[in-house]
file structure_33.cif (mmCIF, C-alpha atoms)
data_query
loop_
_atom_site.group_PDB
_atom_site.id
_atom_site.type_symbol
_atom_site.label_atom_id
_atom_site.label_comp_id
_atom_site.auth_asym_id
_atom_site.auth_seq_id
_atom_site.Cartn_x
_atom_site.Cartn_y
_atom_site.Cartn_z
ATOM 1 C CA MET W 1 262.358 169.368 -82.574
ATOM 2 C CA THR W 2 264.093 171.300 -79.804
ATOM 3 C CA ARG W 3 267.548 170.380 -78.545
ATOM 4 C CA CYS W 4 268.899 172.107 -75.429
ATOM 5 C CA TYR W 5 272.614 172.738 -74.899
ATOM 6 C CA LEU W 6 272.610 175.219 -72.025
ATOM 7 C CA ARG W 7 270.236 175.791 -69.133
ATOM 8 C CA ALA W 8 267.876 178.532 -70.249
ATOM 9 C CA LYS W 9 266.844 181.310 -67.885
ATOM 10 C CA PRO W 10 263.479 183.082 -67.919
ATOM 11 C CA PHE W 11 263.406 185.652 -70.716
ATOM 12 C CA HIS W 12 261.258 188.749 -71.100
ATOM 13 C CA ALA W 13 261.439 189.427 -74.860
ATOM 14 C CA ILE W 14 262.335 187.654 -78.104
ATOM 15 C CA SER W 15 264.385 189.105 -80.951
ATOM 16 C CA PHE W 16 264.445 187.627 -84.431
ATOM 17 C CA ASP W 17 266.954 187.740 -87.199
ATOM 18 C CA LEU W 18 265.007 188.385 -90.432
ATOM 19 C CA ASP W 19 266.849 187.111 -93.526
ATOM 20 C CA ASP W 20 266.754 183.294 -93.785
ATOM 21 C CA THR W 21 265.087 183.082 -90.367
ATOM 22 C CA LEU W 22 261.600 184.359 -91.175
ATOM 23 C CA TYR W 23 261.803 183.877 -94.976
ATOM 24 C CA ASP W 24 264.083 182.469 -97.667
ATOM 25 C CA ASN W 25 266.290 185.434 -98.538
ATOM 26 C CA GLY W 26 268.370 183.931 -101.366
ATOM 27 C CA PRO W 27 265.825 184.268 -104.194
ATOM 28 C CA ILE W 28 264.823 187.730 -102.961
ATOM 29 C CA ILE W 29 268.368 189.091 -103.103
ATOM 30 C CA SER W 30 268.972 187.464 -106.504
ATOM 31 C CA ALA W 31 265.852 189.141 -107.901
ATOM 32 C CA ALA W 32 266.869 192.508 -106.443
ATOM 33 C CA GLU W 33 270.386 192.218 -107.889
ATOM 34 C CA GLN W 34 268.961 191.336 -111.309
ATOM 35 C CA ALA W 35 266.527 194.257 -111.194
ATOM 36 C CA LEU W 36 269.410 196.592 -110.351
ATOM 37 C CA LEU W 37 271.532 195.301 -113.251
ATOM 38 C CA GLU W 38 268.640 195.782 -115.677
ATOM 39 C CA PHE W 39 267.984 199.287 -114.343
ATOM 40 C CA LEU W 40 271.617 200.267 -114.822
ATOM 41 C CA GLN W 41 271.886 198.766 -118.295
ATOM 42 C CA ILE W 42 268.760 200.614 -119.461
ATOM 43 C CA ASN W 43 269.518 203.975 -117.877
ATOM 44 C CA TYR W 44 273.323 203.891 -117.924
ATOM 45 C CA PRO W 45 274.215 201.926 -121.094
ATOM 46 C CA LEU W 46 277.963 201.948 -120.427
ATOM 47 C CA SER W 47 277.256 199.495 -117.602
ATOM 48 C CA VAL W 48 276.333 196.783 -120.141
ATOM 49 C CA SER W 49 280.003 195.758 -120.088
ATOM 50 C CA TRP W 50 279.769 194.899 -116.361
ATOM 51 C CA GLN W 51 278.079 191.842 -114.900
ATOM 52 C CA ARG W 52 277.275 191.054 -111.287
ATOM 53 C CA ALA W 53 280.773 189.635 -110.709
ATOM 54 C CA ASP W 54 282.332 192.960 -111.731
ATOM 55 C CA TRP W 55 280.186 194.872 -109.232
ATOM 56 C CA LEU W 56 280.996 192.359 -106.496
ATOM 57 C CA LYS W 57 284.719 192.705 -107.242
ATOM 58 C CA LEU W 58 284.444 196.481 -106.878
ATOM 59 C CA LYS W 59 282.464 196.099 -103.645
ATOM 60 C CA THR W 60 285.155 193.815 -102.193
ATOM 61 C CA GLU W 61 287.817 196.363 -103.132
ATOM 62 C CA LEU W 62 285.885 199.215 -101.506
ATOM 63 C CA LEU W 63 285.243 197.259 -98.304
ATOM 64 C CA SER W 64 288.953 196.564 -98.077
ATOM 65 C CA CYS W 65 289.740 200.262 -98.417
ATOM 66 C CA TYR W 66 286.877 201.477 -96.221
ATOM 67 C CA PRO W 67 286.214 198.799 -93.556
ATOM 68 C CA GLU W 68 283.549 200.929 -91.882
ATOM 69 C CA LEU W 69 281.295 200.171 -94.860
ATOM 70 C CA THR W 70 281.161 196.507 -93.837
ATOM 71 C CA HIS W 71 278.731 197.549 -91.090
ATOM 72 C CA ASP W 72 276.319 199.431 -93.383
ATOM 73 C CA THR W 73 275.050 197.426 -96.350
ATOM 74 C CA THR W 74 273.013 200.335 -97.713
ATOM 75 C CA ALA W 75 275.897 202.798 -97.621
ATOM 76 C CA ALA W 76 278.239 200.183 -99.103
ATOM 77 C CA ARG W 77 275.923 199.626 -102.082
ATOM 78 C CA LEU W 78 275.510 203.373 -102.625
ATOM 79 C CA VAL W 79 279.282 203.913 -102.685
ATOM 80 C CA MET W 80 279.764 200.861 -104.940
ATOM 81 C CA LEU W 81 277.247 202.187 -107.466
ATOM 82 C CA GLU W 82 278.703 205.680 -107.477
ATOM 83 C CA GLN W 83 282.304 204.503 -107.858
ATOM 84 C CA GLY W 84 281.356 201.923 -110.476
ATOM 85 C CA LEU W 85 279.510 204.405 -112.673
ATOM 86 C CA MET W 86 282.451 206.794 -112.462
ATOM 87 C CA ARG W 87 284.845 204.041 -113.517
ATOM 88 C CA LEU W 88 282.561 203.236 -116.429
ATOM 89 C CA GLY W 89 282.945 206.805 -117.674
ATOM 90 C CA TYR W 90 280.100 208.808 -116.184
ATOM 91 C CA SER W 91 280.681 212.170 -114.520
ATOM 92 C CA ARG W 92 280.575 212.491 -110.755
ATOM 93 C CA GLU W 93 277.205 214.250 -110.944
ATOM 94 C CA GLU W 94 275.759 211.568 -113.225
ATOM 95 C CA SER W 95 277.219 208.851 -111.026
ATOM 96 C CA GLU W 96 275.772 210.337 -107.855
ATOM 97 C CA ARG W 97 272.301 210.537 -109.422
ATOM 98 C CA GLY W 98 272.615 207.025 -110.815
ATOM 99 C CA ALA W 99 273.762 205.607 -107.492
ATOM 100 C CA VAL W 100 270.782 207.083 -105.634
ATOM 101 C CA ALA W 101 268.318 205.888 -108.286
ATOM 102 C CA GLY W 102 269.942 202.463 -108.476
ATOM 103 C CA LEU W 103 269.822 202.069 -104.705
ATOM 104 C CA GLU W 104 266.124 202.983 -104.694
ATOM 105 C CA CYS W 105 265.494 200.349 -107.369
ATOM 106 C CA PHE W 106 267.352 197.697 -105.385
ATOM 107 C CA LEU W 107 265.687 198.518 -102.063
ATOM 108 C CA HIS W 108 262.235 198.470 -103.639
ATOM 109 C CA LYS W 109 262.767 195.005 -105.111
ATOM 110 C CA ARG W 110 264.563 193.814 -101.977
ATOM 111 C CA SER W 111 261.382 194.375 -99.923
ATOM 112 C CA ASP W 112 258.899 193.451 -102.661
ATOM 113 C CA PHE W 113 257.473 190.332 -101.003
ATOM 114 C CA GLU W 114 255.394 189.289 -98.010
ATOM 115 C CA VAL W 115 256.318 186.920 -95.209
ATOM 116 C CA LEU W 116 254.309 183.700 -95.369
ATOM 117 C CA PRO W 117 250.975 183.827 -93.497
ATOM 118 C CA SER W 118 251.978 180.729 -91.494
ATOM 119 C CA VAL W 119 255.032 182.570 -90.161
ATOM 120 C CA ILE W 120 252.982 185.685 -89.390
ATOM 121 C CA ASN W 121 250.493 183.555 -87.476
ATOM 122 C CA GLN W 122 253.264 182.036 -85.365
ATOM 123 C CA LEU W 123 254.699 185.469 -84.608
ATOM 124 C CA GLU W 124 251.264 186.816 -83.729
ATOM 125 C CA PHE W 125 250.859 184.026 -81.195
ATOM 126 C CA LEU W 126 254.303 184.650 -79.680
ATOM 127 C CA ALA W 127 253.521 188.375 -79.531
ATOM 128 C CA THR W 128 250.703 187.605 -77.103
ATOM 129 C CA LYS W 129 253.332 186.197 -74.737
ATOM 130 C CA TYR W 130 256.378 188.446 -75.204
ATOM 131 C CA PRO W 131 257.473 191.675 -76.868
ATOM 132 C CA LEU W 132 258.966 190.751 -80.270
ATOM 133 C CA ILE W 133 261.638 192.754 -82.106
ATOM 134 C CA GLY W 134 263.960 192.327 -85.087
ATOM 135 C CA ILE W 135 267.766 192.442 -85.096
ATOM 136 C CA THR W 136 269.128 192.118 -88.619
ATOM 137 C CA ASN W 137 272.349 192.747 -90.485
ATOM 138 C CA GLY W 138 270.341 193.420 -93.651
ATOM 139 C CA ASN W 139 268.296 196.339 -94.929
ATOM 140 C CA VAL W 140 264.868 194.848 -95.606
ATOM 141 C CA ASP W 141 261.867 197.076 -94.795
ATOM 142 C CA ALA W 142 259.961 195.132 -92.134
ATOM 143 C CA GLN W 143 256.821 197.218 -92.624
ATOM 144 C CA LYS W 144 256.596 196.448 -96.335
ATOM 145 C CA ILE W 145 256.987 192.691 -95.904
ATOM 146 C CA GLY W 146 254.215 192.403 -93.319
ATOM 147 C CA LEU W 147 256.092 192.390 -90.016
ATOM 148 C CA GLY W 148 255.203 195.874 -88.798
ATOM 149 C CA HIS W 149 252.345 194.805 -86.566
ATOM 150 C CA VAL W 150 254.183 191.933 -84.853
ATOM 151 C CA LEU W 151 257.640 193.457 -84.282
ATOM 152 C CA GLN W 152 257.772 196.424 -81.921
ATOM 153 C CA PHE W 153 260.913 197.707 -83.649
ATOM 154 C CA VAL W 154 263.722 196.489 -85.911
ATOM 155 C CA LEU W 155 267.397 197.341 -85.494
ATOM 156 C CA HIS W 156 269.800 197.597 -88.436
ATOM 157 C CA PRO W 157 273.558 198.266 -88.477
ATOM 158 C CA GLY W 158 275.027 201.496 -89.801
ATOM 159 C CA GLU W 159 275.817 205.015 -88.632
ATOM 160 C CA GLY W 160 278.273 203.714 -86.060
ATOM 161 C CA THR W 161 276.272 200.626 -85.084
ATOM 162 C CA ARG W 162 278.163 197.461 -86.005
ATOM 163 C CA MET W 163 276.783 194.253 -87.463
ATOM 164 C CA LYS W 164 276.271 191.041 -85.556
ATOM 165 C CA PRO W 165 278.249 189.301 -84.104
ATOM 166 C CA TYR W 166 279.311 192.614 -82.567
ATOM 167 C CA PRO W 167 277.071 193.268 -79.553
ATOM 168 C CA ASP W 168 275.945 196.799 -80.485
ATOM 169 C CA MET W 169 272.400 195.964 -81.610
ATOM 170 C CA PHE W 170 271.808 193.572 -78.706
ATOM 171 C CA TYR W 171 272.845 196.290 -76.268
ATOM 172 C CA SER W 172 270.577 198.813 -78.005
ATOM 173 C CA ALA W 173 267.680 196.369 -78.034
ATOM 174 C CA CYS W 174 267.852 195.695 -74.314
ATOM 175 C CA ARG W 175 268.144 199.403 -73.523
ATOM 176 C CA LYS W 176 265.033 200.106 -75.613
ATOM 177 C CA LEU W 177 263.167 197.201 -74.018
ATOM 178 C CA ASP W 178 264.483 198.167 -70.567
ATOM 179 C CA ILE W 179 265.476 194.592 -69.733
ATOM 180 C CA PRO W 180 268.766 192.966 -68.636
ATOM 181 C CA LEU W 181 270.789 191.375 -71.446
ATOM 182 C CA HIS W 182 270.196 187.836 -70.183
ATOM 183 C CA CYS W 183 266.443 188.386 -70.440
ATOM 184 C CA LEU W 184 266.508 188.626 -74.242
ATOM 185 C CA LEU W 185 266.173 185.425 -76.304
ATOM 186 C CA HIS W 186 267.537 185.892 -79.829
ATOM 187 C CA VAL W 187 266.392 183.569 -82.626
ATOM 188 C CA GLY W 188 268.454 183.276 -85.805
ATOM 189 C CA ASP W 189 269.800 180.921 -88.435
ATOM 190 C CA SER W 190 273.464 181.941 -88.415
ATOM 191 C CA GLN W 191 275.903 180.448 -85.943
ATOM 192 C CA ALA W 192 278.459 183.113 -86.824
ATOM 193 C CA SER W 193 276.282 186.196 -86.388
ATOM 194 C CA ASP W 194 273.193 185.168 -84.423
ATOM 195 C CA VAL W 195 274.463 182.550 -81.984
ATOM 196 C CA GLN W 196 277.894 184.066 -81.429
ATOM 197 C CA GLY W 197 276.577 187.622 -81.373
ATOM 198 C CA SER W 198 273.831 187.008 -78.841
ATOM 199 C CA ARG W 199 276.027 184.865 -76.612
ATOM 200 C CA LEU W 200 278.906 187.362 -76.649
ATOM 201 C CA ALA W 201 276.456 190.122 -75.743
ATOM 202 C CA GLY W 202 275.202 188.131 -72.765
ATOM 203 C CA CYS W 203 271.807 187.272 -74.261
ATOM 204 C CA GLN W 204 270.237 183.859 -74.720
ATOM 205 C CA SER W 205 270.294 182.158 -78.099
ATOM 206 C CA ALA W 206 267.963 179.906 -80.092
ATOM 207 C CA TRP W 207 269.605 178.578 -83.254
ATOM 208 C CA LEU W 208 267.207 177.895 -86.145
ATOM 209 C CA ASN W 209 268.608 174.845 -87.948
ATOM 210 C CA PRO W 210 267.925 174.293 -90.794
ATOM 211 C CA ARG W 211 267.593 177.898 -91.839
ATOM 212 C CA PHE W 212 264.539 178.947 -93.835
ATOM 213 C CA GLY W 213 264.813 177.339 -97.266
ATOM 214 C CA GLY W 214 268.162 175.713 -96.441
ATOM 215 C CA ASN W 215 269.737 172.461 -95.331
ATOM 216 C CA LYS W 216 270.567 171.328 -91.834
ATOM 217 C CA SER W 217 274.018 172.411 -90.621
ATOM 218 C CA ALA W 218 276.481 170.837 -88.211
ATOM 219 C CA LEU W 219 277.113 172.574 -84.903
ATOM 220 C CA SER W 220 280.433 174.408 -84.763
ATOM 221 C CA ASN W 221 282.927 174.285 -81.902
ATOM 222 C CA GLU W 222 282.304 177.915 -80.950
ATOM 223 C CA LEU W 223 279.878 179.233 -78.339
ATOM 224 C CA LEU W 224 276.853 176.963 -78.052
ATOM 225 C CA PRO W 225 273.284 178.212 -78.381
ATOM 226 C CA HIS W 226 271.019 177.688 -75.439
ATOM 227 C CA MET W 227 268.755 175.690 -77.717
ATOM 228 C CA GLU W 228 268.497 174.458 -81.285
ATOM 229 C CA ILE W 229 265.107 174.528 -83.016
ATOM 230 C CA SER W 230 264.136 173.148 -86.411
ATOM 231 C CA SER W 231 261.278 175.612 -87.006
ATOM 232 C CA LEU W 232 259.495 178.549 -85.426
ATOM 233 C CA GLY W 233 256.775 176.092 -84.563
ATOM 234 C CA ASP W 234 259.112 174.641 -81.935
ATOM 235 C CA LEU W 235 258.965 177.965 -80.078
ATOM 236 C CA VAL W 236 255.191 178.138 -80.392
ATOM 237 C CA SER W 237 254.742 174.610 -79.082
ATOM 238 C CA ALA W 238 256.739 175.509 -75.960
ATOM 239 C CA PHE W 239 253.865 177.678 -74.721
#
call {"tool": "encode", "arguments": {"input": "structure_33.cif", "output": "structure tokens"}}
result
Amino acid sequence: MTRCYLRAKPFHAISFDLDDTLYDNGPIISAAEQALLEFLQINYPLSVSWQRADWLKLKTELLSCYPELTHDTTAARLVMLEQGLMRLGYSREESERGAVAGLECFLHKRSDFEVLPSVINQLEFLATKYPLIGITNGNVDAQKIGLGHVLQFVLHPGEGTRMKPYPDMFYSACRKLDIPLHCLLHVGDSQASDVQGSRLAGCQSAWLNPRFGGNKSALSNELLPHMEISSLGDLVSAF
């Protein structure tokens, strides 16, 4: 089902959010977090006294002290691991090594899955019509999960590039594609980051509702998407 809120203009490329738009990200992150905890408890036994809530508390504290880390999930996790291991009693050198190894463990598990063939098939069809790219706030490896051949490139925040809903990645995407901002259609599940971000940047927006693996949400009173779709199949059926 497609519901239109704003008059859409012709677009020349489509960008996709990844997490919870092209796959159900909740179980993937939970598995990666659990793998990281087990890695730390085996290799750094003093961490047995900390559970996930303790690491999240430290992460919240660090983000408050260093707001720039909010725009780089990989750097934030690396700093969290290093600082946490030091607080648990490990030396700086041990903590630095443990943080790097722990991050590698997490990132491996975080991208240890494949996007459903049905989703890949839909993207392959759309790719015959438009250039497709990814714009994500996360740090999944698009190549490893099977998206490398359908997405021309994927943009991530970090190193001075801010997360959605800031416009940085939308601006970068349109420069790389060499198209005006209004000629990019962005598809995502989040009203806060995908709809607001694309609209504030001057791009067009397709809100995926319900998100992948989630429940249908009510429309907020903020900037409206150009359209609301209930599945990627709604985009496919438009052509």
call {"tool": "closest_residue", "arguments": {"input": "structure_33.cif", "among": "W:Leu147, W:Leu6, W:Ala206, W:Ala35", "to": "Ala127 in chain W", "atoms": "only C-alpha atoms"}}
result
W:Leu147
call {"tool": "atom_distance", "arguments": {"input": "structure_33.cif", "atom1": "CA of Arg77 in chain W", "atom2": "CA of Glu96 in chain W"}}
result
12.2 Å
call {"tool": "resolve_selection", "arguments": {"input": "structure_33.cif", "expression": "the PyMOL selection byres ((chain W and resi 3) around 12)", "output": "PyMOL selection string"}}
result
chain W and resi 1-2+4-8+206-209+219+224-231+234-235
call {"tool": "atom_distance", "arguments": {"input": "structure_33.cif", "atom1": "CA of Arg87 in chain W", "atom2": "CA of Thr74 in chain W"}}
result
20.1 Å
call {"tool": "atom_distance", "arguments": {"input": "structure_33.cif", "atom1": "CA of Gln41 in chain W", "atom2": "CA of Leu63 in chain W"}}
result
24.1 Å
call {"tool": "closest_residue", "arguments": {"input": "structure_33.cif", "among": "W:Glu124, W:Glu82, W:Glu104, W:Glu94", "to": "Leu232 in chain W", "atoms": "only C-alpha atoms"}}
result
W:Glu124
call {"tool": "resolve_selection", "arguments": {"input": "structure_33.cif", "expression": "the PyMOL selection byres ((chain W and resi 164) around 12)", "output": "VMD selection string"}}
result
chain W and resid 17 70 to 72 135 to 138 155 to 158 161 to 163 165 to 171 186 188 190 to 201
call {"tool": "residues_around", "arguments": {"input": "structure_33.cif", "residues": "Ser111 in chain W", "least_positions_apart": "5", "cutoff": "7 Å", "atoms": "all atoms listed in the file", "output": "PyMOL selection string"}}
result
chain W and resi 140-141+144-145
call {"tool": "residues_around", "arguments": {"input": "structure_33.cif", "residues": "Pro10 in chain W", "least_positions_apart": "5", "cutoff": "9 Å", "atoms": "only C-alpha atoms", "output": "VMD selection string"}}
result
chain W and resid 182 to 184
call {"tool": "write_last_selection", "arguments": {"input": "structure_33.cif", "atoms": "C-alpha atoms", "output": "short mmCIF file (atom, residue, chain, number, x, y, z; two decimals), keeping the file's coordinate frame"}}
result
data_model
loop_
_atom_site.label_atom_id
_atom_site.label_comp_id
_atom_site.auth_asym_id
_atom_site.auth_seq_id
_atom_site.Cartn_x
_atom_site.Cartn_y
_atom_site.Cartn_z
CA HIS W 182 270.20 187.84 -70.18
CA CYS W 183 266.44 188.39 -70.44
CA LEU W 184 266.51 188.63 -74.24
#
call {"tool": "resolve_selection", "arguments": {"input": "structure_33.cif", "expression": "the PyMOL selection byres ((chain W and resi 112-117) around 10)", "output": "VMD selection string"}}
result
chain W and resid 22 to 24 28 31 to 32 106 to 111 118 to 123 140 to 147
call {"tool": "closest_residue", "arguments": {"input": "structure_33.cif", "among": "W:Val187, W:Cys105, W:Leu78, W:Leu177", "to": "Leu37 in chain W", "atoms": "all atoms listed in the file"}}
result
W:Cys105
call {"tool": "residues_near_point", "arguments": {"input": "structure_33.cif", "point": "(272.0, 201.1, -113.0)", "cutoff": "10 Å", "atoms": "only C-alpha atoms", "output": "list in words"}}
result
Ala35, Leu36, Leu37, Glu38, Phe39, Leu40, Gln41, Ile42, Asn43, Tyr44, Pro45, Leu46, Ser47, Val48, Leu81, Glu82, Gly84, Leu85, Ser95, Gly98, Ala99, Val100, Ala101, Gly102, Leu103, Cys105 and Phe106 of chain W
call {"tool": "residues_near_point", "arguments": {"input": "structure_33.cif", "point": "(256.4, 190.2, -78.1)", "cutoff": "8 Å", "atoms": "only C-alpha atoms", "output": "number ranges by chain"}}
result
W: 13-14, 126-133, 150-152
call {"tool": "write_last_selection", "arguments": {"input": "structure_33.cif", "atoms": "C-alpha atoms", "output": "PDB file, keeping the file's coordinate frame"}}
result
ATOM      1  CA  ALA W  13     261.439 189.427 -74.860  1.00  0.00           C
ATOM      2  CA  ILE W  14     262.335 187.654 -78.104  1.00  0.00           C
ATOM      3  CA  LEU W 126     254.303 184.650 -79.680  1.00  0.00           C
ATOM      4  CA  ALA W 127     253.521 188.375 -79.531  1.00  0.00           C
ATOM      5  CA  THR W 128     250.703 187.605 -77.103  1.00  0.00           C
ATOM      6  CA  LYS W 129     253.332 186.197 -74.737  1.00  0.00           C
ATOM      7  CA  TYR W 130     256.378 188.446 -75.204  1.00  0.00           C
ATOM      8  CA  PRO W 131     257.473 191.675 -76.868  1.00  0.00           C
ATOM      9  CA  LEU W 132     258.966 190.751 -80.270  1.00  0.00           C
ATOM     10  CA  ILE W 133     261.638 192.754 -82.106  1.00  0.00           C
ATOM     11  CA  VAL W 150     254.183 191.933 -84.853  1.00  0.00           C
ATOM     12  CA  LEU W 151     257.640 193.457 -84.282  1.00  0.00           C
ATOM     13  CA  GLN W 152     257.772 196.424 -81.921  1.00  0.00           C
TER      14      GLN W 152
END
call {"tool": "closest_residue", "arguments": {"input": "structure_33.cif", "among": "W:Pro67, W:Glu159, W:Phe153, W:Lys9", "to": "Gly202 in chain W", "atoms": "only C-alpha atoms"}}
result
W:Lys9
call {"tool": "closest_residue", "arguments": {"input": "structure_33.cif", "among": "W:Val79, W:His149, W:Leu88, W:Phe125", "to": "Ser49 in chain W", "atoms": "only C-alpha atoms"}}
result
W:Leu88
call {"tool": "decode", "arguments": {"input": "structure_33.cif", "residues": "range 186-194 of chain W", "atoms": "all heavy atoms", "output": "compact mmCIF listing (two decimals), in the first residue's frame"}}
result
# COMPACT_ATOMS: atom_id res chain seq x y z
N HIS W 186 14.82 9.18 -0.87
CA HIS W 186 15.39 8.39 0.22
C HIS W 186 14.32 7.53 0.86
O HIS W 186 13.25 8.02 1.22
CB HIS W 186 16.02 9.30 1.27
CG HIS W 186 16.62 8.54 2.42
ND1 HIS W 186 17.73 7.74 2.27
CD2 HIS W 186 16.23 8.43 3.73
CE1 HIS W 186 18.03 7.19 3.44
NE2 HIS W 186 17.13 7.57 4.33
N VAL W 187 14.62 6.25 1.04
CA VAL W 187 13.69 5.28 1.62
C VAL W 187 14.23 4.83 2.97
O VAL W 187 15.37 4.36 3.06
CB VAL W 187 13.53 4.05 0.69
CG1 VAL W 187 12.53 3.06 1.29
CG2 VAL W 187 13.13 4.47 -0.71
N GLY W 188 13.40 4.98 4.01
CA GLY W 188 13.85 4.55 5.34
C GLY W 188 12.70 4.37 6.29
O GLY W 188 11.60 4.88 6.08
N ASP W 189 12.97 3.66 7.39
CA ASP W 189 11.93 3.33 8.36
C ASP W 189 11.74 4.37 9.45
O ASP W 189 10.71 4.39 10.12
CB ASP W 189 12.25 2.00 9.04
CG ASP W 189 13.46 2.13 9.98
OD1 ASP W 189 14.59 2.27 9.49
OD2 ASP W 189 13.27 2.10 11.20
N SER W 190 12.72 5.23 9.66
CA SER W 190 12.69 6.14 10.80
C SER W 190 12.16 7.52 10.41
O SER W 190 12.73 8.18 9.53
CB SER W 190 14.09 6.30 11.40
OG SER W 190 14.13 7.33 12.36
N GLN W 191 11.10 7.95 11.09
CA GLN W 191 10.62 9.31 10.87
C GLN W 191 11.66 10.32 11.31
O GLN W 191 11.89 11.34 10.66
CB GLN W 191 9.32 9.54 11.62
CG GLN W 191 8.13 8.79 11.08
CD GLN W 191 6.85 9.20 11.77
OE1 GLN W 191 6.37 10.31 11.59
NE2 GLN W 191 6.31 8.31 12.58
N ALA W 192 12.31 10.03 12.44
CA ALA W 192 13.24 10.99 13.04
C ALA W 192 14.48 11.20 12.19
O ALA W 192 14.93 12.33 11.99
CB ALA W 192 13.63 10.55 14.45
N SER W 193 15.07 10.10 11.69
CA SER W 193 16.32 10.26 10.95
C SER W 193 16.13 10.23 9.44
O SER W 193 16.72 11.05 8.72
CB SER W 193 17.32 9.17 11.35
OG SER W 193 16.84 7.88 11.04
N ASP W 194 15.29 9.35 8.94
CA ASP W 194 15.15 9.20 7.49
C ASP W 194 14.22 10.24 6.87
O ASP W 194 14.59 10.94 5.93
CB ASP W 194 14.66 7.79 7.15
CG ASP W 194 15.70 6.74 7.50
OD1 ASP W 194 16.84 6.87 7.04
OD2 ASP W 194 15.37 5.80 8.24
